[in-house]
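For reference, work01.cif (mmCIF, C-alpha atoms):
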```
data_structure
#
loop_
_atom_site.group_PDB
_atom_site.id
_atom_site.type_symbol
_atom_site.label_atom_id
_atom_site.label_comp_id
_atom_site.auth_asym_id
_atom_site.auth_seq_id
_atom_site.Cartn_x
_atom_site.Cartn_y
_atom_site.Cartn_z
ATOM 1 C CA MET A 1 9.934 8.267 -12.281
ATOM 2 C CA GLY A 2 6.374 7.215 -11.450
ATOM 3 C CA TYR A 3 4.630 7.994 -8.217
ATOM 4 C CA THR A 4 2.099 5.847 -6.439
ATOM 5 C CA LYS A 5 -1.279 7.193 -5.316
ATOM 6 C CA PHE A 6 0.281 7.718 -1.894
ATOM 7 C CA GLY A 7 3.175 9.599 -3.495
ATOM 8 C CA GLU A 8 0.731 11.858 -5.320
ATOM 9 C CA PHE A 9 -1.284 12.416 -2.133
ATOM 10 C CA VAL A 10 1.687 13.490 -0.022
ATOM 11 C CA ARG A 11 3.190 15.618 -2.791
ATOM 12 C CA ILE A 12 -0.061 17.596 -2.920
ATOM 13 C CA LEU A 13 0.060 17.947 0.886
ATOM 14 C CA ARG A 14 3.606 19.293 0.688
ATOM 15 C CA ILE A 15 2.661 21.777 -2.014
ATOM 16 C CA LYS A 16 -0.350 23.006 -0.006
ATOM 17 C CA HIS A 17 1.875 23.510 3.048
ATOM 18 C CA HIS A 18 4.848 24.972 1.143
ATOM 19 C CA GLU A 19 7.107 22.133 2.229
ATOM 20 C CA ILE A 20 9.779 20.091 0.552
ATOM 21 C CA MET A 21 10.345 16.369 0.758
ATOM 22 C CA GLY A 22 13.030 16.804 3.415
ATOM 23 C CA ASP A 23 10.541 18.568 5.693
ATOM 24 C CA MET A 24 8.169 15.623 5.463
ATOM 25 C CA ALA A 25 10.951 13.082 5.970
ATOM 26 C CA ARG A 26 12.001 14.850 9.188
ATOM 27 C CA MET A 27 8.391 14.996 10.407
ATOM 28 C CA LEU A 28 7.990 11.261 9.751
ATOM 29 C CA GLY A 29 11.322 10.453 11.381
ATOM 30 C CA THR A 30 12.733 8.819 8.282
ATOM 31 C CA SER A 31 15.375 9.416 5.654
ATOM 32 C CA LEU A 32 14.770 11.213 2.388
ATOM 33 C CA PRO A 33 15.732 8.112 0.330
ATOM 34 C CA PHE A 34 13.267 5.936 2.265
ATOM 35 C CA LEU A 35 10.434 8.443 1.796
ATOM 36 C CA SER A 36 11.265 8.583 -1.900
ATOM 37 C CA ALA A 37 11.218 4.770 -2.121
ATOM 38 C CA VAL A 38 7.775 4.730 -0.502
ATOM 39 C CA GLU A 39 6.433 7.423 -2.821
ATOM 40 C CA THR A 40 7.616 5.541 -5.902
ATOM 41 C CA GLY A 41 6.317 2.154 -4.723
ATOM 42 C CA LYS A 42 9.636 0.492 -3.972
ATOM 43 C CA LYS A 43 8.574 0.196 -0.323
ATOM 44 C CA ASN A 44 5.185 -0.012 1.362
ATOM 45 C CA VAL A 45 3.918 2.835 3.532
ATOM 46 C CA PRO A 46 4.795 2.163 7.191
ATOM 47 C CA GLN A 47 1.612 1.936 9.264
ATOM 48 C CA GLU A 48 2.862 4.413 11.869
ATOM 49 C CA TRP A 49 2.995 7.148 9.229
ATOM 50 C CA VAL A 50 -0.805 7.375 9.042
ATOM 51 C CA LYS A 51 -1.270 8.912 12.505
ATOM 52 C CA LYS A 52 1.692 11.223 12.013
ATOM 53 C CA ILE A 53 0.395 12.539 8.678
ATOM 54 C CA VAL A 54 -3.194 12.927 9.923
ATOM 55 C CA ALA A 55 -2.091 14.806 13.046
ATOM 56 C CA TYR A 56 0.639 16.964 11.485
ATOM 57 C CA TYR A 57 -1.482 18.106 8.537
ATOM 58 C CA ASN A 58 -4.699 18.176 10.575
ATOM 59 C CA LEU A 59 -6.544 16.068 7.997
ATOM 60 C CA ASN A 60 -10.330 15.958 8.174
ATOM 61 C CA GLU A 61 -12.266 12.697 8.011
ATOM 62 C CA GLN A 62 -12.557 12.682 4.210
ATOM 63 C CA GLU A 63 -8.880 13.519 3.755
ATOM 64 C CA GLU A 64 -7.952 10.694 6.126
ATOM 65 C CA LYS A 65 -10.119 8.294 4.093
ATOM 66 C CA ASN A 66 -8.382 9.500 0.936
ATOM 67 C CA LEU A 67 -4.989 8.973 2.592
ATOM 68 C CA LEU A 68 -5.914 5.427 3.616
ATOM 69 C CA GLN A 69 -7.239 4.663 0.131
ATOM 70 C CA SER A 70 -4.062 6.029 -1.447
ATOM 71 C CA ILE A 71 -2.022 3.744 0.814
ATOM 72 C CA GLU A 72 -4.152 0.740 -0.110
ATOM 73 C CA ASP A 73 -3.847 1.563 -3.822
ATOM 74 C CA SER A 74 -0.059 1.890 -3.466
ATOM 75 C CA LYS A 75 0.755 -1.431 -1.836
ATOM 76 C CA THR A 76 3.456 -3.239 -3.724
ATOM 77 C CA GLN A 77 4.128 -6.064 -1.289
ATOM 78 C CA MET A 78 2.145 -8.039 1.208
ATOM 79 C CA LYS A 79 2.845 -10.663 3.829
ATOM 80 C CA LEU A 80 0.795 -13.787 4.277
ATOM 81 C CA SER A 81 1.110 -15.829 7.442
ATOM 82 C CA LEU A 82 1.006 -19.563 6.800
ATOM 83 C CA ILE A 83 1.532 -20.560 10.438
ATOM 84 C CA ASN A 84 -1.931 -22.041 11.075
ATOM 85 C CA SER A 85 -2.591 -23.140 7.502
ATOM 86 C CA SER A 86 -3.246 -26.673 6.364
ATOM 87 C CA ASN A 87 -0.799 -28.202 3.894
ATOM 88 C CA GLN A 88 -3.374 -27.760 1.130
ATOM 89 C CA LYS A 89 -3.809 -24.037 1.869
ATOM 90 C CA ARG A 90 -0.051 -23.594 2.174
ATOM 91 C CA ASN A 91 0.528 -25.283 -1.186
ATOM 92 C CA ALA A 92 -2.193 -23.152 -2.827
ATOM 93 C CA ALA A 93 -0.635 -19.941 -1.473
ATOM 94 C CA LEU A 94 2.850 -20.917 -2.598
ATOM 95 C CA GLN A 95 1.637 -21.953 -6.060
ATOM 96 C CA PHE A 96 -0.219 -18.659 -6.384
ATOM 97 C CA ALA A 97 2.922 -16.726 -5.417
ATOM 98 C CA ARG A 98 5.033 -18.658 -7.944
ATOM 99 C CA SER A 99 2.463 -18.101 -10.719
ATOM 100 C CA PHE A 100 1.609 -14.481 -9.936
ATOM 101 C CA GLU A 101 4.117 -12.737 -12.233
ATOM 102 C CA ASP A 102 3.011 -14.681 -15.316
ATOM 103 C CA MET A 103 -0.734 -14.605 -14.568
ATOM 104 C CA ASP A 104 -2.940 -12.901 -17.159
ATOM 105 C CA ASP A 105 -5.973 -10.778 -16.294
ATOM 106 C CA GLU A 106 -8.440 -13.464 -17.381
ATOM 107 C CA THR A 107 -6.980 -15.946 -14.907
ATOM 108 C CA ALA A 108 -6.938 -13.283 -12.170
ATOM 109 C CA ASN A 109 -10.623 -12.567 -12.845
ATOM 110 C CA LYS A 110 -11.488 -16.273 -12.603
ATOM 111 C CA ILE A 111 -9.669 -16.521 -9.271
ATOM 112 C CA MET A 112 -11.503 -13.425 -8.018
ATOM 113 C CA GLU A 113 -14.861 -14.969 -9.028
ATOM 114 C CA ILE A 114 -14.048 -18.163 -7.106
ATOM 115 C CA LEU A 115 -12.964 -16.204 -4.030
ATOM 116 C CA GLU A 116 -16.021 -13.946 -4.150
ATOM 117 C CA ARG A 117 -18.313 -16.985 -4.384
ATOM 118 C CA SER A 118 -16.642 -18.535 -1.338
ATOM 119 C CA ASP A 119 -17.071 -15.239 0.583
ATOM 120 C CA ASN A 120 -20.815 -15.329 -0.082
ATOM 121 C CA ASN A 121 -21.239 -18.848 1.338
#
```

Could I get this file's structure written as C-alpha cells?
Amino acid sequence: MGYTKFGEFVRILRIKHHEIMGDMARMLGTSLPFLSAVETGKKNVPQEWVKKIVAYYNLNEQEEKNLLQSIEDSKTQMKLSLINSSNQKRNAALQFARSFEDMDDETANKIMEILERSDNN
C-alpha cells in the first residue's frame, strides 16, 4: 500500500507524538477508513484538516509550509468550475479531461509550455 506525501507527513507526526492512526482520526473528527483513504490518495485532504493539524501538533511556520506542500503534492482529484466559461473554454476543458488518462509526458510538457507562455502575456 503506497502513501501520499501527506500520508508520510502525518505518519511521521504520529510517530513523533506516540500516537496511532485512531488517535489522529478522532482528533480530526473523521473515521479511520476515511483517514486511511486520504493517506493513500483515494481521497483528497479536506481543507478543514489543515487548521486542526497545525493547532493540535503546534506546527511551526516551516512545518506548516511542509504540510501544505504535502497536501498539494498528494492531490488526486480536482474540481473545475465551468459556470462562467465560454463554449470554447468548456469544450477545451472537457477534451482535456477525456484525453488526460492517455496523455504522454511529451504532450503534457507541450501543454505546460503553452500555458506558461499565456501566463507571461

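If you look at atom CA of A:Phe6 and atom CA of A:Gly41, they are 8.7 Å away from each other.
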
Picked residues, the PyMOL selection byres ((chain A and resi 15-30) around 9), expected as an MDAnalysis selection string: chainID A and resid 10:14 31:36 48:49 52:53 56:57

Test item: residues at most 9 Å from A:Val50, all atoms listed in the file, excluding those fewer than 4 positions along its chain, as a PyMOL selection string: chain A and resi 45-46+54-55+64+67-68

Point-to-point distance from atom CA of A:Ser81 to atom CA of A:Ile114, Å rounded to tenths: 21.1 Å

Sphere at (2.5, -13.5, -6.1), radius 12 Å, counting only C-alpha atoms: residues as an NGL selection string: :A and (76-80 or 92-103 or 108)

Between atom CA of A:Leu115 and atom CA of A:Asn87, distance in Å (one decimal): 18.8 Å

Option closest in space to A:Ile71, from A:Lys51, A:Lys43, A:Lys5, A:Lys110 [counting all atoms listed in the file]: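 The shortest atom-to-atom distance to A:Ile71 comes from A:Lys5.
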